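model_32.cif follows; it contains mmCIF, N, CA and C atoms.
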data_input
loop_
_atom_site.label_atom_id
_atom_site.label_comp_id
_atom_site.auth_asym_id
_atom_site.auth_seq_id
_atom_site.Cartn_x
_atom_site.Cartn_y
_atom_site.Cartn_z
N MET C 91 83.26 52.70 113.49
CA MET C 91 82.54 53.81 112.89
C MET C 91 83.25 54.27 111.62
N SER C 92 82.47 54.65 110.65
CA SER C 92 83.06 55.13 109.41
C SER C 92 83.30 56.64 109.49
N THR C 93 84.16 57.12 108.62
CA THR C 93 84.48 58.54 108.56
C THR C 93 84.24 59.06 107.16
N ILE C 94 84.10 60.37 107.07
CA ILE C 94 84.04 61.05 105.77
C ILE C 94 85.15 62.09 105.76
N ASN C 95 85.63 62.40 104.58
CA ASN C 95 86.65 63.42 104.45
C ASN C 95 86.02 64.71 103.94
N PHE C 96 86.31 65.80 104.63
CA PHE C 96 85.93 67.13 104.16
C PHE C 96 87.21 67.81 103.69
N SER C 97 87.13 68.50 102.54
CA SER C 97 88.28 69.27 102.08
C SER C 97 87.82 70.48 101.30
N CYS C 98 88.67 71.50 101.28
CA CYS C 98 88.45 72.69 100.48
C CYS C 98 89.78 73.43 100.32
N SER C 99 89.79 74.37 99.41
CA SER C 99 90.97 75.22 99.18
C SER C 99 90.57 76.66 99.43
N ILE C 100 91.48 77.44 100.03
CA ILE C 100 91.24 78.87 100.18
C ILE C 100 92.42 79.62 99.59
N THR C 101 92.11 80.75 98.95
CA THR C 101 93.12 81.55 98.29
C THR C 101 92.77 83.03 98.44
N PRO C 102 93.72 83.84 98.94
CA PRO C 102 93.45 85.28 99.01
C PRO C 102 93.61 85.92 97.64
N THR C 103 92.80 86.93 97.33
CA THR C 103 92.97 87.65 96.07
C THR C 103 94.03 88.74 96.19
N ASN C 104 94.34 89.13 97.43
CA ASN C 104 95.37 90.13 97.70
C ASN C 104 96.11 89.71 98.96
N ALA C 105 97.26 89.09 98.79
CA ALA C 105 97.99 88.54 99.93
C ALA C 105 98.45 89.62 100.91
N ALA C 106 98.59 90.86 100.46
CA ALA C 106 99.04 91.94 101.35
C ALA C 106 97.94 92.40 102.31
N ALA C 107 96.67 92.22 101.91
CA ALA C 107 95.56 92.62 102.77
C ALA C 107 95.42 91.59 103.89
N ALA C 108 95.35 92.06 105.12
CA ALA C 108 95.34 91.17 106.28
C ALA C 108 93.94 90.61 106.56
N LEU C 109 93.41 89.86 105.58
CA LEU C 109 92.12 89.21 105.79
C LEU C 109 92.33 87.91 106.56
N GLY C 110 91.45 87.66 107.52
CA GLY C 110 91.52 86.44 108.30
C GLY C 110 90.41 85.48 107.92
N MET C 111 90.61 84.22 108.28
CA MET C 111 89.65 83.18 107.90
C MET C 111 89.59 82.11 108.98
N GLU C 112 88.37 81.66 109.26
CA GLU C 112 88.15 80.50 110.12
C GLU C 112 87.26 79.53 109.35
N ILE C 113 87.51 78.24 109.57
CA ILE C 113 86.65 77.20 109.00
C ILE C 113 86.27 76.27 110.14
N TRP C 114 84.97 76.04 110.28
CA TRP C 114 84.43 75.21 111.35
C TRP C 114 83.50 74.16 110.77
N ILE C 115 83.46 73.01 111.40
CA ILE C 115 82.35 72.07 111.22
C ILE C 115 81.85 71.81 112.63
N ASP C 116 80.60 72.22 112.86
CA ASP C 116 80.00 72.20 114.19
C ASP C 116 80.91 72.96 115.15
N ASP C 117 81.36 72.34 116.22
CA ASP C 117 82.21 73.04 117.18
C ASP C 117 83.70 72.73 117.00
N GLN C 118 84.04 72.11 115.87
CA GLN C 118 85.44 71.77 115.58
C GLN C 118 86.04 72.80 114.63
N LYS C 119 87.03 73.54 115.13
CA LYS C 119 87.71 74.54 114.31
C LYS C 119 88.78 73.82 113.47
N LEU C 120 88.63 73.91 112.14
CA LEU C 120 89.54 73.24 111.23
C LEU C 120 90.68 74.15 110.79
N PHE C 121 90.43 75.46 110.80
CA PHE C 121 91.42 76.42 110.29
C PHE C 121 91.15 77.75 110.95
N ASP C 122 92.22 78.45 111.34
CA ASP C 122 92.09 79.79 111.91
C ASP C 122 93.38 80.54 111.65
N GLN C 123 93.30 81.56 110.82
CA GLN C 123 94.48 82.36 110.51
C GLN C 123 94.06 83.82 110.44
N ALA C 124 94.77 84.68 111.17
CA ALA C 124 94.45 86.11 111.23
C ALA C 124 94.78 86.83 109.93
N HIS C 125 95.78 86.34 109.19
CA HIS C 125 96.17 86.96 107.92
C HIS C 125 96.50 85.84 106.93
N VAL C 126 95.58 85.58 106.03
CA VAL C 126 95.77 84.55 105.01
C VAL C 126 96.61 85.16 103.89
N GLN C 127 97.86 84.75 103.81
CA GLN C 127 98.80 85.33 102.84
C GLN C 127 99.03 84.44 101.64
N SER C 128 98.60 83.17 101.72
CA SER C 128 98.83 82.24 100.62
C SER C 128 97.68 81.23 100.58
N SER C 129 97.70 80.42 99.55
CA SER C 129 96.68 79.38 99.41
C SER C 129 96.88 78.28 100.44
N HIS C 130 95.77 77.69 100.85
CA HIS C 130 95.81 76.59 101.81
C HIS C 130 94.84 75.51 101.35
N GLN C 131 95.23 74.27 101.55
CA GLN C 131 94.34 73.13 101.33
C GLN C 131 93.97 72.61 102.71
N ILE C 132 92.69 72.59 103.01
CA ILE C 132 92.20 72.12 104.31
C ILE C 132 91.58 70.75 104.08
N SER C 133 91.91 69.80 104.94
CA SER C 133 91.36 68.46 104.82
C SER C 133 91.30 67.84 106.21
N THR C 134 90.17 67.20 106.51
CA THR C 134 90.02 66.52 107.78
C THR C 134 89.01 65.39 107.64
N ASP C 135 89.14 64.41 108.49
CA ASP C 135 88.18 63.31 108.53
C ASP C 135 87.22 63.54 109.68
N LEU C 136 85.95 63.26 109.42
CA LEU C 136 84.88 63.42 110.41
C LEU C 136 84.13 62.12 110.54
N LEU C 137 83.55 61.89 111.71
CA LEU C 137 82.70 60.71 111.87
C LEU C 137 81.48 60.84 110.98
N ASP C 138 81.15 59.79 110.31
CA ASP C 138 79.96 59.76 109.45
C ASP C 138 78.79 59.21 110.26
N ASP C 139 78.54 59.87 111.40
CA ASP C 139 77.45 59.45 112.26
C ASP C 139 76.13 59.99 111.71
N GLU C 140 75.05 59.64 112.32
CA GLU C 140 73.75 60.11 111.87
C GLU C 140 73.39 61.39 112.60
N GLY C 141 73.22 62.48 111.86
CA GLY C 141 72.86 63.73 112.52
C GLY C 141 72.95 64.93 111.61
N GLU C 142 72.63 66.09 112.18
CA GLU C 142 72.69 67.36 111.46
C GLU C 142 73.99 68.06 111.81
N HIS C 143 74.58 68.71 110.80
CA HIS C 143 75.87 69.37 110.97
C HIS C 143 75.86 70.71 110.22
N GLU C 144 76.87 71.52 110.52
CA GLU C 144 76.96 72.83 109.88
C GLU C 144 78.42 73.16 109.59
N LEU C 145 78.70 73.45 108.34
CA LEU C 145 80.00 73.98 107.91
C LEU C 145 79.90 75.50 107.96
N ARG C 146 80.90 76.16 108.58
CA ARG C 146 80.94 77.61 108.64
C ARG C 146 82.27 78.12 108.11
N LEU C 147 82.20 79.06 107.19
CA LEU C 147 83.37 79.76 106.65
C LEU C 147 83.25 81.19 107.13
N VAL C 148 84.23 81.67 107.88
CA VAL C 148 84.15 82.98 108.52
C VAL C 148 85.26 83.88 107.99
N LEU C 149 84.88 85.01 107.39
CA LEU C 149 85.86 86.02 106.99
C LEU C 149 85.93 87.06 108.09
N LYS C 150 87.16 87.42 108.49
CA LYS C 150 87.34 88.40 109.56
C LYS C 150 88.48 89.34 109.20
N ASN C 151 88.52 90.46 109.89
CA ASN C 151 89.59 91.47 109.78
C ASN C 151 89.54 92.32 108.51
N LYS C 152 88.45 92.27 107.77
CA LYS C 152 88.35 93.11 106.57
C LYS C 152 88.10 94.54 107.01
N LEU C 153 88.86 95.48 106.42
CA LEU C 153 88.74 96.90 106.73
C LEU C 153 88.34 97.66 105.47
N SER C 154 87.83 98.86 105.64
CA SER C 154 87.40 99.65 104.48
C SER C 154 88.55 99.92 103.52
N GLU C 155 89.78 100.03 104.03
CA GLU C 155 90.91 100.31 103.14
C GLU C 155 91.29 99.11 102.26
N HIS C 156 90.70 97.96 102.50
CA HIS C 156 90.95 96.80 101.64
C HIS C 156 90.16 96.88 100.34
N THR C 157 89.27 97.86 100.24
CA THR C 157 88.47 98.07 99.03
C THR C 157 88.75 99.47 98.49
N GLN C 158 89.21 99.54 97.25
CA GLN C 158 89.48 100.82 96.60
C GLN C 158 88.34 101.16 95.65
N VAL C 159 87.82 102.38 95.75
CA VAL C 159 86.74 102.82 94.87
C VAL C 159 87.16 104.08 94.11
N ASP C 160 86.51 104.31 92.96
CA ASP C 160 86.79 105.51 92.18
C ASP C 160 85.86 106.65 92.63
N VAL C 161 85.91 107.77 91.93
CA VAL C 161 85.13 108.95 92.32
C VAL C 161 83.62 108.70 92.23
N ASP C 162 83.21 107.72 91.42
CA ASP C 162 81.79 107.39 91.29
C ASP C 162 81.38 106.25 92.23
N ASN C 163 82.26 105.91 93.17
CA ASN C 163 82.03 104.87 94.16
C ASN C 163 81.94 103.46 93.56
N ASN C 164 82.56 103.27 92.38
CA ASN C 164 82.66 101.95 91.77
C ASN C 164 83.90 101.26 92.33
N ILE C 165 83.80 99.99 92.64
CA ILE C 165 84.94 99.25 93.18
C ILE C 165 86.00 99.07 92.08
N VAL C 166 87.21 99.53 92.38
CA VAL C 166 88.34 99.41 91.46
C VAL C 166 89.15 98.16 91.80
N SER C 167 89.37 97.93 93.09
CA SER C 167 90.05 96.71 93.54
C SER C 167 89.51 96.35 94.92
N ASP C 168 89.56 95.06 95.21
CA ASP C 168 88.99 94.59 96.46
C ASP C 168 89.75 93.36 96.92
N ALA C 169 89.89 93.20 98.21
CA ALA C 169 90.52 92.01 98.78
C ALA C 169 89.42 91.04 99.20
N ARG C 170 89.58 89.79 98.78
CA ARG C 170 88.59 88.75 99.09
C ARG C 170 89.35 87.44 99.35
N ILE C 171 88.64 86.49 99.87
CA ILE C 171 89.19 85.14 99.97
C ILE C 171 88.29 84.21 99.19
N SER C 172 88.89 83.49 98.27
CA SER C 172 88.19 82.53 97.44
C SER C 172 88.21 81.16 98.12
N VAL C 173 87.05 80.51 98.15
CA VAL C 173 86.93 79.16 98.69
C VAL C 173 86.48 78.27 97.54
N SER C 174 87.28 77.26 97.25
CA SER C 174 86.96 76.39 96.11
C SER C 174 87.17 74.93 96.48
N ASN C 175 86.80 74.07 95.58
CA ASN C 175 87.00 72.63 95.74
C ASN C 175 86.42 72.10 97.06
N ILE C 176 85.24 72.57 97.43
CA ILE C 176 84.58 72.05 98.62
C ILE C 176 84.09 70.65 98.29
N GLU C 177 84.56 69.68 99.09
CA GLU C 177 84.26 68.28 98.79
C GLU C 177 83.99 67.48 100.05
N PHE C 178 83.14 66.47 99.91
CA PHE C 178 82.97 65.41 100.90
C PHE C 178 83.38 64.12 100.21
N ASP C 179 84.34 63.43 100.79
CA ASP C 179 84.85 62.16 100.24
C ASP C 179 85.19 62.27 98.75
N GLY C 180 85.77 63.39 98.37
CA GLY C 180 86.20 63.58 96.99
C GLY C 180 85.08 63.95 96.04
N ILE C 181 83.87 64.11 96.54
CA ILE C 181 82.74 64.49 95.69
C ILE C 181 82.57 66.00 95.78
N ALA C 182 82.76 66.68 94.65
CA ALA C 182 82.70 68.14 94.61
C ALA C 182 81.28 68.63 94.81
N LEU C 183 81.15 69.69 95.61
CA LEU C 183 79.85 70.29 95.89
C LEU C 183 79.60 71.54 95.05
N ASN C 184 80.26 71.64 93.90
CA ASN C 184 80.19 72.85 93.07
C ASN C 184 78.77 73.28 92.76
N GLN C 185 77.88 72.34 92.48
CA GLN C 185 76.50 72.68 92.13
C GLN C 185 75.64 72.93 93.37
N LEU C 186 75.99 72.32 94.49
CA LEU C 186 75.17 72.44 95.70
C LEU C 186 75.45 73.70 96.51
N VAL C 187 76.70 74.12 96.57
CA VAL C 187 77.06 75.26 97.42
C VAL C 187 76.28 76.53 97.06
N PRO C 188 76.21 76.93 95.80
CA PRO C 188 75.45 78.16 95.50
C PRO C 188 73.96 78.05 95.85
N VAL C 189 73.42 76.85 95.86
CA VAL C 189 72.01 76.65 96.15
C VAL C 189 71.74 76.56 97.65
N LEU C 190 72.62 75.88 98.39
CA LEU C 190 72.36 75.57 99.80
C LEU C 190 73.09 76.46 100.80
N ALA C 191 74.21 77.04 100.42
CA ALA C 191 74.98 77.85 101.37
C ALA C 191 74.39 79.25 101.48
N LYS C 192 74.48 79.84 102.66
CA LYS C 192 74.00 81.20 102.92
C LYS C 192 75.14 82.03 103.50
N TYR C 193 75.26 83.28 103.02
CA TYR C 193 76.33 84.19 103.41
C TYR C 193 75.72 85.36 104.17
N GLN C 194 75.93 85.39 105.48
CA GLN C 194 75.39 86.46 106.31
C GLN C 194 76.49 87.49 106.57
N HIS C 195 76.21 88.75 106.20
CA HIS C 195 77.18 89.83 106.42
C HIS C 195 76.45 91.16 106.45
N ASN C 196 77.18 92.22 106.80
CA ASN C 196 76.58 93.55 106.86
C ASN C 196 77.39 94.58 106.08
N PHE C 197 78.04 94.14 105.00
CA PHE C 197 78.85 95.04 104.16
C PHE C 197 79.91 95.74 104.99
N ASN C 198 80.50 94.98 105.95
CA ASN C 198 81.56 95.51 106.84
C ASN C 198 81.11 96.75 107.59
N GLY C 199 79.86 96.75 108.02
CA GLY C 199 79.34 97.85 108.82
C GLY C 199 78.74 98.99 108.02
N SER C 200 78.77 98.89 106.70
CA SER C 200 78.25 100.00 105.89
C SER C 200 76.81 99.77 105.44
N GLY C 201 76.20 98.68 105.88
CA GLY C 201 74.82 98.40 105.49
C GLY C 201 74.12 97.55 106.52
N GLU C 202 72.86 97.31 106.28
CA GLU C 202 72.07 96.46 107.16
C GLU C 202 72.50 95.00 106.97
N PRO C 203 72.40 94.19 108.01
CA PRO C 203 72.72 92.76 107.86
C PRO C 203 71.82 92.11 106.82
N ILE C 204 72.43 91.26 105.99
CA ILE C 204 71.67 90.53 104.97
C ILE C 204 72.11 89.07 104.98
N VAL C 205 71.28 88.23 104.40
CA VAL C 205 71.65 86.85 104.11
C VAL C 205 71.66 86.75 102.60
N ASP C 206 72.82 86.43 102.06
CA ASP C 206 73.06 86.45 100.63
C ASP C 206 73.42 85.05 100.14
N GLU C 207 73.47 84.88 98.85
CA GLU C 207 73.95 83.64 98.26
C GLU C 207 75.47 83.64 98.29
N PHE C 208 76.08 82.48 98.18
CA PHE C 208 77.53 82.35 98.21
C PHE C 208 78.01 81.72 96.92
N TYR C 209 78.87 82.46 96.21
CA TYR C 209 79.38 81.99 94.92
C TYR C 209 80.88 81.74 94.94
N GLY C 210 81.43 81.47 96.13
CA GLY C 210 82.83 81.06 96.18
C GLY C 210 83.80 82.10 96.69
N GLU C 211 83.36 83.35 96.92
CA GLU C 211 84.27 84.37 97.44
C GLU C 211 83.64 85.10 98.61
N LEU C 212 84.45 85.29 99.65
CA LEU C 212 84.03 86.09 100.80
C LEU C 212 84.70 87.44 100.68
N GLY C 213 83.91 88.51 100.59
CA GLY C 213 84.44 89.86 100.43
C GLY C 213 84.02 90.79 101.54
N CYS C 214 83.18 90.32 102.44
CA CYS C 214 82.73 91.10 103.59
C CYS C 214 82.89 90.23 104.84
N ASN C 215 83.24 90.86 105.95
CA ASN C 215 83.27 90.12 107.20
C ASN C 215 81.91 89.48 107.41
N GLY C 216 81.92 88.22 107.68
CA GLY C 216 80.66 87.51 107.87
C GLY C 216 80.87 86.02 107.81
N THR C 217 79.77 85.29 107.77
CA THR C 217 79.81 83.83 107.86
C THR C 217 78.97 83.18 106.77
N VAL C 218 79.58 82.24 106.08
CA VAL C 218 78.87 81.37 105.15
C VAL C 218 78.55 80.10 105.91
N THR C 219 77.29 79.68 105.85
CA THR C 219 76.89 78.43 106.50
C THR C 219 76.33 77.46 105.46
N LEU C 220 76.67 76.21 105.64
CA LEU C 220 76.14 75.13 104.81
C LEU C 220 75.73 74.02 105.76
N LYS C 221 74.43 73.78 105.86
CA LYS C 221 73.92 72.72 106.72
C LYS C 221 73.86 71.43 105.92
N PHE C 222 74.27 70.34 106.57
CA PHE C 222 74.23 69.04 105.92
C PHE C 222 73.94 67.98 106.97
N THR C 223 73.54 66.82 106.51
CA THR C 223 73.27 65.71 107.42
C THR C 223 74.17 64.53 107.06
N THR C 224 74.35 63.68 108.06
CA THR C 224 75.07 62.45 107.83
C THR C 224 74.15 61.30 108.19
N PRO C 225 74.31 60.18 107.54
CA PRO C 225 75.35 59.78 106.61
C PRO C 225 75.39 60.69 105.38
N ILE C 226 76.60 61.04 105.00
CA ILE C 226 76.79 62.06 103.96
C ILE C 226 76.27 61.59 102.60
N TYR C 227 76.38 60.29 102.30
CA TYR C 227 75.93 59.85 100.98
C TYR C 227 74.42 59.98 100.82
N LEU C 228 73.67 59.81 101.88
CA LEU C 228 72.22 60.04 101.80
C LEU C 228 71.92 61.50 101.54
N TRP C 229 72.64 62.41 102.23
CA TRP C 229 72.46 63.84 102.02
C TRP C 229 72.81 64.21 100.58
N LEU C 230 73.89 63.67 100.08
CA LEU C 230 74.28 63.94 98.68
C LEU C 230 73.21 63.46 97.72
N LEU C 231 72.70 62.26 97.92
CA LEU C 231 71.65 61.72 97.04
C LEU C 231 70.39 62.58 97.07
N GLU C 232 70.05 63.10 98.25
CA GLU C 232 68.85 63.92 98.38
C GLU C 232 69.01 65.29 97.74
N ASN C 233 70.23 65.77 97.60
CA ASN C 233 70.46 67.14 97.14
C ASN C 233 71.08 67.26 95.76
N ILE C 234 71.49 66.18 95.17
CA ILE C 234 72.08 66.26 93.82
C ILE C 234 71.00 66.26 92.78
#
Show me, as structure tokens, the structure contained in the file I just sent.
Amino acid sequence: MSTINFSCSITPTNAAAALGMEIWIDDQKLFDQAHVQSSHQISTDLLDDEGEHELRLVLKNKLSEHTQVDVDNNIVSDARISVSNIEFDGIALNQLVPVLAKYQHNFNGSGEPIVDEFYGELGCNGTVTLKFTTPIYLWLLENI
């Protein structure tokens, strides 16, 4: 059986803020850290079998004190986790992620749940999902 490589990089915007992160593909947990204090490169090989799959990026442990606002309620500083260099077999998904990924969150409890677009940063507790199929090269050809 052939395999495909999944990889991505994560970087906190504020290492002192105790933001947590999980990365999953289907039921396989690739990364789980309660406090992401530094950048990490995640890489794993997966079977390139025929089927439907789901990548999940989960931000956890965000608190209201991780966001500073001024008197007009404008955000002055905020703690987030940046996810970049999402790739399958070295092929960057930079153009596909904003189109295909969905970010479900509720503004850390201050708003109604929404499904939003994902542009590379998680700033609210919630989950980014990206559904894909394998063989991966067919999925890439269909979506590029």
Discussion item. If we count only C-alpha atoms and set the cut-off at 12 Å, which residues sit around Ile181 of chain C, ignoring sequence neighbours fewer than 4 positions away in its own chain? Please answer as a ChimeraX atom specification.
Written reply: /C:94-98,175-177,185-186,226-227,230-231,234
With N, CA and C atoms retained, export the selected residues as a JSON list (two decimals), in the frame of the given file.
[["chain", "number", "residue", "atom", "x", "y", "z"],
["C", 94, "ILE", "N", 84.10, 60.37, 107.07],
["C", 94, "ILE", "CA", 84.04, 61.05, 105.77],
["C", 94, "ILE", "C", 85.15, 62.09, 105.76],
["C", 95, "ASN", "N", 85.63, 62.40, 104.58],
["C", 95, "ASN", "CA", 86.65, 63.42, 104.45],
["C", 95, "ASN", "C", 86.02, 64.71, 103.94],
["C", 96, "PHE", "N", 86.31, 65.80, 104.63],
["C", 96, "PHE", "CA", 85.93, 67.13, 104.16],
["C", 96, "PHE", "C", 87.21, 67.81, 103.69],
["C", 97, "SER", "N", 87.13, 68.50, 102.54],
["C", 97, "SER", "CA", 88.28, 69.27, 102.08],
["C", 97, "SER", "C", 87.82, 70.48, 101.30],
["C", 98, "CYS", "N", 88.67, 71.50, 101.28],
["C", 98, "CYS", "CA", 88.45, 72.69, 100.48],
["C", 98, "CYS", "C", 89.78, 73.43, 100.32],
["C", 175, "ASN", "N", 86.80, 74.07, 95.58],
["C", 175, "ASN", "CA", 87.00, 72.63, 95.74],
["C", 175, "ASN", "C", 86.42, 72.10, 97.06],
["C", 176, "ILE", "N", 85.24, 72.57, 97.43],
["C", 176, "ILE", "CA", 84.58, 72.05, 98.62],
["C", 176, "ILE", "C", 84.09, 70.65, 98.29],
["C", 177, "GLU", "N", 84.56, 69.68, 99.09],
["C", 177, "GLU", "CA", 84.26, 68.28, 98.79],
["C", 177, "GLU", "C", 83.99, 67.48, 100.05],
["C", 185, "GLN", "N", 77.88, 72.34, 92.48],
["C", 185, "GLN", "CA", 76.50, 72.68, 92.13],
["C", 185, "GLN", "C", 75.64, 72.93, 93.37],
["C", 186, "LEU", "N", 75.99, 72.32, 94.49],
["C", 186, "LEU", "CA", 75.17, 72.44, 95.70],
["C", 186, "LEU", "C", 75.45, 73.70, 96.51],
["C", 226, "ILE", "N", 76.60, 61.04, 105.00],
["C", 226, "ILE", "CA", 76.79, 62.06, 103.96],
["C", 226, "ILE", "C", 76.27, 61.59, 102.60],
["C", 227, "TYR", "N", 76.38, 60.29, 102.30],
["C", 227, "TYR", "CA", 75.93, 59.85, 100.98],
["C", 227, "TYR", "C", 74.42, 59.98, 100.82],
["C", 230, "LEU", "N", 73.89, 63.67, 100.08],
["C", 230, "LEU", "CA", 74.28, 63.94, 98.68],
["C", 230, "LEU", "C", 73.21, 63.46, 97.72],
["C", 231, "LEU", "N", 72.70, 62.26, 97.92],
["C", 231, "LEU", "CA", 71.65, 61.72, 97.04],
["C", 231, "LEU", "C", 70.39, 62.58, 97.07],
["C", 234, "ILE", "N", 71.49, 66.18, 95.17],
["C", 234, "ILE", "CA", 72.08, 66.26, 93.82],
["C", 234, "ILE", "C", 71.00, 66.26, 92.78]]
Practice prompt. Mind giving me the straight-line distance from atom N of Lys152 of chain C to atom C of Pro188 of chain C in Å, one decimal?
Written response: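 The value is 23.5 Å.
If you measure from each of C:Ile100, C:Ala106, C:Glu112, C:Phe178 to Ile132 of chain C using only C-alpha atoms, the closest one turns out to be C:Ile100.
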Discussion item. Could you tell me how far atom C of Leu220 of chain C sits from atom CA of His143 of chain C, in Å to one decimal place?
Written reply: 7.0 Å
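Evaluated against the shown file, the PyMOL selection byres (((chain C and resi 156 and name CA) around 12) and name CA) gives C:Thr103, C:Asn104, C:Ala105, C:Ala106, C:Ala107, C:Ala108, C:Leu109, C:Asn151, C:Lys152, C:Leu153, C:Ser154, C:Glu155, C:Thr157, C:Gln158, C:Val159, C:Ile165, C:Val166, C:Ser167, C:Asp168, C:Ala169, C:Arg170, C:Ile171, C:Asn198, C:Gly213, C:Cys214, C:Asn215.
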Next, write the just-selected residues to a file, as a short mmCIF file (atom, residue, chain, number, x, y, z; two decimals), in the frame of the given file, keeping N, CA and C atoms as the atom set.
data_model
loop_
_atom_site.label_atom_id
_atom_site.label_comp_id
_atom_site.auth_asym_id
_atom_site.auth_seq_id
_atom_site.Cartn_x
_atom_site.Cartn_y
_atom_site.Cartn_z
N THR C 103 92.80 86.93 97.33
CA THR C 103 92.97 87.65 96.07
C THR C 103 94.03 88.74 96.19
N ASN C 104 94.34 89.13 97.43
CA ASN C 104 95.37 90.13 97.70
C ASN C 104 96.11 89.71 98.96
N ALA C 105 97.26 89.09 98.79
CA ALA C 105 97.99 88.54 99.93
C ALA C 105 98.45 89.62 100.91
N ALA C 106 98.59 90.86 100.46
CA ALA C 106 99.04 91.94 101.35
C ALA C 106 97.94 92.40 102.31
N ALA C 107 96.67 92.22 101.91
CA ALA C 107 95.56 92.62 102.77
C ALA C 107 95.42 91.59 103.89
N ALA C 108 95.35 92.06 105.12
CA ALA C 108 95.34 91.17 106.28
C ALA C 108 93.94 90.61 106.56
N LEU C 109 93.41 89.86 105.58
CA LEU C 109 92.12 89.21 105.79
C LEU C 109 92.33 87.91 106.56
N ASN C 151 88.52 90.46 109.89
CA ASN C 151 89.59 91.47 109.78
C ASN C 151 89.54 92.32 108.51
N LYS C 152 88.45 92.27 107.77
CA LYS C 152 88.35 93.11 106.57
C LYS C 152 88.10 94.54 107.01
N LEU C 153 88.86 95.48 106.42
CA LEU C 153 88.74 96.90 106.73
C LEU C 153 88.34 97.66 105.47
N SER C 154 87.83 98.86 105.64
CA SER C 154 87.40 99.65 104.48
C SER C 154 88.55 99.92 103.52
N GLU C 155 89.78 100.03 104.03
CA GLU C 155 90.91 100.31 103.14
C GLU C 155 91.29 99.11 102.26
N THR C 157 89.27 97.86 100.24
CA THR C 157 88.47 98.07 99.03
C THR C 157 88.75 99.47 98.49
N GLN C 158 89.21 99.54 97.25
CA GLN C 158 89.48 100.82 96.60
C GLN C 158 88.34 101.16 95.65
N VAL C 159 87.82 102.38 95.75
CA VAL C 159 86.74 102.82 94.87
C VAL C 159 87.16 104.08 94.11
N ILE C 165 83.80 99.99 92.64
CA ILE C 165 84.94 99.25 93.18
C ILE C 165 86.00 99.07 92.08
N VAL C 166 87.21 99.53 92.38
CA VAL C 166 88.34 99.41 91.46
C VAL C 166 89.15 98.16 91.80
N SER C 167 89.37 97.93 93.09
CA SER C 167 90.05 96.71 93.54
C SER C 167 89.51 96.35 94.92
N ASP C 168 89.56 95.06 95.21
CA ASP C 168 88.99 94.59 96.46
C ASP C 168 89.75 93.36 96.92
N ALA C 169 89.89 93.20 98.21
CA ALA C 169 90.52 92.01 98.78
C ALA C 169 89.42 91.04 99.20
N ARG C 170 89.58 89.79 98.78
CA ARG C 170 88.59 88.75 99.09
C ARG C 170 89.35 87.44 99.35
N ILE C 171 88.64 86.49 99.87
CA ILE C 171 89.19 85.14 99.97
C ILE C 171 88.29 84.21 99.19
N ASN C 198 80.50 94.98 105.95
CA ASN C 198 81.56 95.51 106.84
C ASN C 198 81.11 96.75 107.59
N GLY C 213 83.91 88.51 100.59
CA GLY C 213 84.44 89.86 100.43
C GLY C 213 84.02 90.79 101.54
N CYS C 214 83.18 90.32 102.44
CA CYS C 214 82.73 91.10 103.59
C CYS C 214 82.89 90.23 104.84
N ASN C 215 83.24 90.86 105.95
CA ASN C 215 83.27 90.12 107.20
C ASN C 215 81.91 89.48 107.41
#
